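K.L.:
What follows is structure_38.cif; its format and atoms are mmCIF, C-alpha atoms.
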data_structure
#
loop_
_atom_site.label_atom_id
_atom_site.label_comp_id
_atom_site.auth_asym_id
_atom_site.auth_seq_id
_atom_site.Cartn_x
_atom_site.Cartn_y
_atom_site.Cartn_z
CA MET A 24 89.04 96.91 90.97
CA LYS A 25 90.98 97.71 94.15
CA THR A 26 93.47 95.25 95.52
CA MET A 27 93.27 94.21 99.15
CA GLU A 28 96.36 96.33 99.88
CA GLN A 29 94.68 99.40 98.39
CA LYS A 30 91.35 98.77 100.16
CA ILE A 31 92.97 98.40 103.59
CA ALA A 32 95.15 101.48 102.98
CA GLU A 33 92.03 103.47 102.12
CA ASP A 34 90.29 102.12 105.24
CA LEU A 35 93.17 103.17 107.49
CA LEU A 36 93.25 106.66 106.02
CA SER A 37 89.47 107.06 106.18
CA ILE A 38 89.27 106.43 109.94
CA LYS A 39 92.50 108.32 110.66
CA ALA A 40 94.27 105.24 111.93
CA VAL A 41 97.15 106.55 109.80
CA PHE A 42 98.33 110.14 109.62
CA LEU A 43 100.78 111.43 107.01
CA LYS A 44 102.44 114.73 107.93
CA PRO A 45 105.76 115.16 106.08
CA ALA A 46 105.76 118.92 106.82
CA ASP A 47 105.21 118.41 110.54
CA PRO A 48 106.77 115.04 111.45
CA PHE A 49 105.98 112.92 114.47
CA THR A 50 108.67 111.82 116.93
CA TRP A 51 108.70 108.12 117.74
CA ALA A 52 109.74 106.81 121.16
CA SER A 53 113.09 105.89 119.60
CA GLY A 54 113.64 109.54 118.69
CA ILE A 55 113.14 108.97 114.96
CA LYS A 56 111.42 111.81 113.13
CA SER A 57 108.66 110.25 111.08
CA PRO A 58 106.19 111.59 108.51
CA ILE A 59 103.75 108.82 109.42
CA TYR A 60 101.92 107.75 112.56
CA CYS A 61 99.88 104.55 112.65
CA ASP A 62 97.40 103.54 115.38
CA ASN A 63 95.67 100.36 114.25
CA ARG A 64 93.86 100.04 117.58
CA LEU A 65 91.32 102.44 116.10
CA THR A 66 90.25 99.80 113.58
CA LEU A 67 88.42 97.91 116.33
CA SER A 68 86.01 100.84 116.74
CA TYR A 69 84.81 100.75 113.12
CA PRO A 70 82.85 97.55 112.35
CA ALA A 71 83.11 97.77 108.54
CA VAL A 72 86.87 98.37 108.64
CA ARG A 73 87.29 95.76 111.36
CA ASP A 74 85.48 93.21 109.20
CA ASP A 75 87.70 93.99 106.20
CA ILE A 76 90.76 93.45 108.37
CA GLU A 77 89.71 90.25 110.10
CA GLN A 78 88.47 88.65 106.89
CA GLY A 79 91.70 89.76 105.24
CA LEU A 80 93.89 88.29 107.98
CA ALA A 81 91.96 85.02 107.83
CA SER A 82 92.47 84.91 104.05
CA LEU A 83 96.21 85.56 104.39
CA ILE A 84 96.53 82.75 106.91
CA LYS A 85 94.62 80.29 104.72
CA GLU A 86 96.66 81.25 101.66
CA HIS A 87 100.16 81.44 103.13
CA PHE A 88 99.99 79.19 106.18
CA PRO A 89 97.38 76.49 105.46
CA GLU A 90 98.96 74.12 108.01
CA ALA A 91 98.32 76.53 110.90
CA GLU A 92 96.84 74.95 114.02
CA SER A 93 96.66 78.01 116.27
CA LEU A 94 97.01 81.80 116.21
CA MET A 95 99.07 83.76 118.71
CA GLY A 96 98.55 87.49 119.15
CA THR A 97 101.21 89.96 120.14
CA SER A 98 100.61 91.85 123.36
CA THR A 99 98.63 93.98 123.39
CA ALA A 100 97.61 95.26 119.97
CA GLY A 101 97.57 91.88 118.23
CA ILE A 102 95.38 90.09 120.77
CA ALA A 103 91.98 91.26 119.53
CA HIS A 104 92.86 90.65 115.89
CA ALA A 105 94.16 87.15 116.67
CA ALA A 106 90.93 86.37 118.54
CA LEU A 107 88.66 87.65 115.76
CA ALA A 108 90.61 85.95 112.97
CA ALA A 109 90.72 82.71 114.98
CA ASP A 110 86.95 82.86 115.35
CA ILE A 111 86.54 83.12 111.57
CA LEU A 112 88.94 80.21 111.05
CA LYS A 113 87.56 78.20 114.00
CA MET A 114 91.06 77.87 115.45
CA PRO A 115 92.49 78.04 118.96
CA MET A 116 94.27 81.25 119.90
CA GLY A 117 96.43 82.68 122.62
CA TYR A 118 98.83 85.54 123.07
CA VAL A 119 102.37 86.29 124.16
CA ARG A 120 103.11 88.85 126.86
CA GLY A 121 105.90 91.37 126.59
CA SER A 122 107.38 89.78 129.74
CA ASN A 123 106.51 87.02 132.17
CA LYS A 124 103.57 87.66 134.46
CA SER A 125 104.78 88.65 137.93
CA HIS A 126 102.32 86.46 139.82
CA GLY A 127 100.53 83.12 139.63
CA ARG A 128 102.17 80.78 137.13
CA GLN A 129 104.31 83.64 135.77
CA ASN A 130 103.29 82.82 132.20
CA LYS A 131 104.66 84.64 129.22
CA ILE A 132 102.51 82.67 126.78
CA GLU A 133 98.80 82.65 127.54
CA GLY A 134 96.76 79.84 126.01
CA VAL A 135 97.78 76.41 124.77
CA ALA A 136 101.25 76.28 123.23
CA THR A 137 102.53 72.72 123.02
CA PRO A 138 105.78 71.45 121.47
CA GLY A 139 105.33 70.89 117.75
CA MET A 140 102.20 73.04 117.48
CA LYS A 141 102.11 74.93 114.18
CA VAL A 142 101.31 78.56 115.00
CA VAL A 143 100.97 81.86 113.18
CA VAL A 144 101.68 85.12 114.98
CA VAL A 145 99.16 87.95 114.51
CA GLU A 146 100.48 91.51 114.77
CA ASP A 147 98.94 94.91 114.09
CA LEU A 148 101.99 96.86 112.88
CA ILE A 149 105.53 96.10 111.76
CA SER A 150 108.17 98.82 111.99
CA THR A 151 111.62 97.24 112.43
CA GLY A 152 110.15 93.88 113.48
CA GLY A 153 111.97 93.76 116.82
CA SER A 154 109.00 93.29 119.16
CA SER A 155 107.27 90.92 116.73
CA LEU A 156 110.32 88.69 116.55
CA GLU A 157 110.58 88.55 120.35
CA VAL A 158 107.17 86.86 120.24
CA VAL A 159 108.40 84.45 117.57
CA ASP A 160 111.44 83.61 119.73
CA ALA A 161 109.29 82.99 122.83
CA LEU A 162 107.05 80.58 120.93
CA ARG A 163 110.02 78.75 119.45
CA GLU A 164 111.55 78.43 122.91
CA ALA A 165 108.29 76.81 124.02
CA GLY A 166 108.73 74.26 121.25
CA CYS A 167 106.14 75.63 118.84
CA GLU A 168 106.74 75.63 115.11
CA VAL A 169 106.18 79.22 114.01
CA LEU A 170 105.00 79.09 110.41
CA GLY A 171 105.14 82.86 110.03
CA LEU A 172 103.51 86.14 110.96
CA VAL A 173 100.60 88.15 109.57
CA ALA A 174 99.99 91.84 110.25
CA ILE A 175 97.66 94.63 109.26
CA PHE A 176 100.35 97.05 108.12
CA SER A 177 104.08 97.28 107.54
CA TYR A 178 106.25 100.35 107.02
CA ASN A 179 108.27 98.17 104.60
CA LEU A 180 111.49 99.35 106.21
CA PRO A 181 114.67 97.62 105.01
CA ALA A 182 115.56 96.88 108.66
CA ALA A 183 112.38 94.83 109.12
CA ILE A 184 112.97 92.80 105.99
CA GLU A 185 116.51 92.05 107.15
CA ASN A 186 115.45 91.16 110.70
CA PHE A 187 112.77 88.72 109.57
CA LYS A 188 115.22 87.18 107.12
CA LYS A 189 117.78 86.64 109.91
CA HIS A 190 115.11 84.94 112.02
CA GLU A 191 114.01 82.83 109.05
CA CYS A 192 110.45 83.96 109.62
CA GLU A 193 108.09 84.73 106.75
CA PHE A 194 105.71 87.65 107.17
CA VAL A 195 102.80 88.93 105.10
CA THR A 196 100.66 92.00 105.61
CA LEU A 197 97.28 93.30 104.50
CA SER A 198 98.77 96.60 103.39
CA ASN A 199 102.02 98.53 103.51
CA TYR A 200 103.64 101.94 103.41
CA ASP A 201 104.33 101.96 99.67
CA THR A 202 100.72 101.20 98.80
CA LEU A 203 99.40 103.65 101.37
CA ILE A 204 101.32 106.66 100.06
CA GLU A 205 100.19 105.87 96.51
CA VAL A 206 96.56 105.70 97.67
CA ALA A 207 97.08 108.91 99.65
CA VAL A 208 98.12 110.73 96.45
CA GLU A 209 95.10 109.37 94.57
CA LEU A 210 92.79 110.58 97.34
CA ASP A 211 94.50 113.99 97.37
CA TYR A 212 95.48 113.34 100.98
CA ILE A 213 99.02 114.41 100.12
CA LYS A 214 100.60 116.30 97.21
CA ASP A 215 103.16 115.06 94.72
CA ASP A 216 105.97 117.10 96.33
CA GLU A 217 105.23 115.50 99.71
CA LEU A 218 105.45 112.08 98.09
CA GLU A 219 109.19 112.56 97.51
CA LYS A 220 109.77 113.22 101.21
CA LEU A 221 107.76 110.12 102.13
CA LYS A 222 109.77 107.93 99.76
CA ALA A 223 113.08 109.32 101.02
CA TRP A 224 112.17 108.70 104.68
CA LYS A 225 111.58 105.02 104.12
CA GLN A 226 115.07 104.43 102.73
CA ASN A 227 116.70 105.42 106.04
CA PRO A 228 114.40 106.71 108.81
CA ARG A 229 117.35 107.82 110.95
CA ASP A 230 118.66 110.13 108.23
CA GLU A 231 116.71 113.33 108.73
CA SER A 232 117.78 114.80 105.39
CA TRP A 233 114.42 113.64 103.96
CA MET A 234 112.82 116.64 105.70
CA THR A 235 114.67 119.11 103.46
CA LYS A 236 113.97 117.39 100.13
#
Before we go any further, please render this structure as structure tokens.

P.N.:
Amino acid sequence: MKTMEQKIAEDLLSIKAVFLKPADPFTWASGIKSPIYCDNRLTLSYPAVRDDIEQGLASLIKEHFPEAESLMGTSTAGIAHAALAADILKMPMGYVRGSNKSHGRQNKIEGVATPGMKVVVVEDLISTGGSSLEVVDALREAGCEVLGLVAIFSYNLPAAIENFKKHECEFVTLSNYDTLIEVAVELDYIKDDELEKLKAWKQNPRDESWMTK
């Protein structure tokens, strides 16, 4: 029987929300050469996959953060998933902008966020964790108690683990890079020799020597 991590990894590969191309790497905005590209926005266009994800996120929240009173999505990719998971859980939701709105009340947090409110942040993808943790900081500054963060997928980069640890913020994900590359081998999406490149990249994404392994 497949685990949830394996099922979500298979879902992401099946709809091409994730591409693995160790022989022809992508270039991230940061300049990092990467063998993987992930676009979880695509999951919203596939009802069966979307249902797996939203039910999965709701289950993670109930299991790891049972005291949650509200969900807060990250702008913009986490908003839809926060709304759908909140509907399943019958909880309030809101979202946090990347910066304050330039007009009106100039809000950064949209929705109810009162001091002492126990919230869980909903994200689509964790790379280094930087943008996710900016949302956590904004909610804490507003007086909310951030119980933790849930996401669809994590690259499992050491930098992310360290950043979340420094912020004393727990995070859990539906699936992750390590599981995905194992599933990709099983599905013959990649070959065994490509697997070594994929493993090497994760150890230090800025070290491009993985491309010659």

K.L.:
What is the distance, in Å and to one decimal place, between CA of Gly79 in chain A and CA of Ala91 in chain A?

P.N.:
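Separation between CA of Gly79 in chain A and CA of Ala91 in chain A: 15.8 Å.
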
K.L.:
Please determine, counting all atoms listed in the file, which residue among A:Met114, A:Val159, A:Ala46, A:Ala105 has the shortest atom-to-atom distance to Phe194 in chain A.

P.N.:
A:Val159

K.L.:
Residues near Met140 in chain A, anyone? I mean within 8 Å using all atoms listed in the file, not counting same-chain ones fewer than 4 positions away, as a ChimeraX atom specification.

P.N.:
/A:92-93,136,166-168

K.L.:
What is the CA of Val145 in chain A to CA of Thr97 in chain A distance in Å?

P.N.:
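If I compute the distance from CA of Val145 in chain A to CA of Thr97 in chain A, I get 6.3 Å.
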
K.L.:
Considering only C-alpha atoms, can you say which of A:Leu210, A:Leu180, A:Val173, A:Ile149 comes closest to Leu36 in chain A?

P.N.:
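Residue with the minimum atom-to-atom distance to Leu36 in chain A: A:Leu210.
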
K.L.:
Could you give me, as a PyMOL selection string, the residues within 7 Å of Glu28 in chain A, counting only C-alpha atoms and dropping anything in the same chain fewer than 2 positions from it?

P.N.:
chain A and resi 26+30-32+197-198+202

K.L.:
Store the residues picked out above in a file with C-alpha atoms, as a PDB file, in the frame of the given file.

P.N.:
ATOM      1  CA  THR A  26      93.470  95.250  95.520  1.00  0.00           C
ATOM      2  CA  LYS A  30      91.350  98.770 100.160  1.00  0.00           C
ATOM      3  CA  ILE A  31      92.970  98.400 103.590  1.00  0.00           C
ATOM      4  CA  ALA A  32      95.150 101.480 102.980  1.00  0.00           C
ATOM      5  CA  LEU A 197      97.280  93.300 104.500  1.00  0.00           C
ATOM      6  CA  SER A 198      98.770  96.600 103.390  1.00  0.00           C
ATOM      7  CA  THR A 202     100.720 101.200  98.800  1.00  0.00           C
TER       8      THR A 202
END

K.L.:
Quick one: of A:Ile59, A:Ala100, A:Ala81, A:Leu65, who's nearest to Leu112 in chain A, counting only C-alpha atoms?

P.N.:
A:Ala81

K.L.:
Within 10 Å of Ala182 in chain A, counting only C-alpha atoms, which residues qualify if same-chain residues fewer than 6 places away don't, as a VMD selection string?

P.N.:
chain A and resid 150 to 153 188 226 to 228
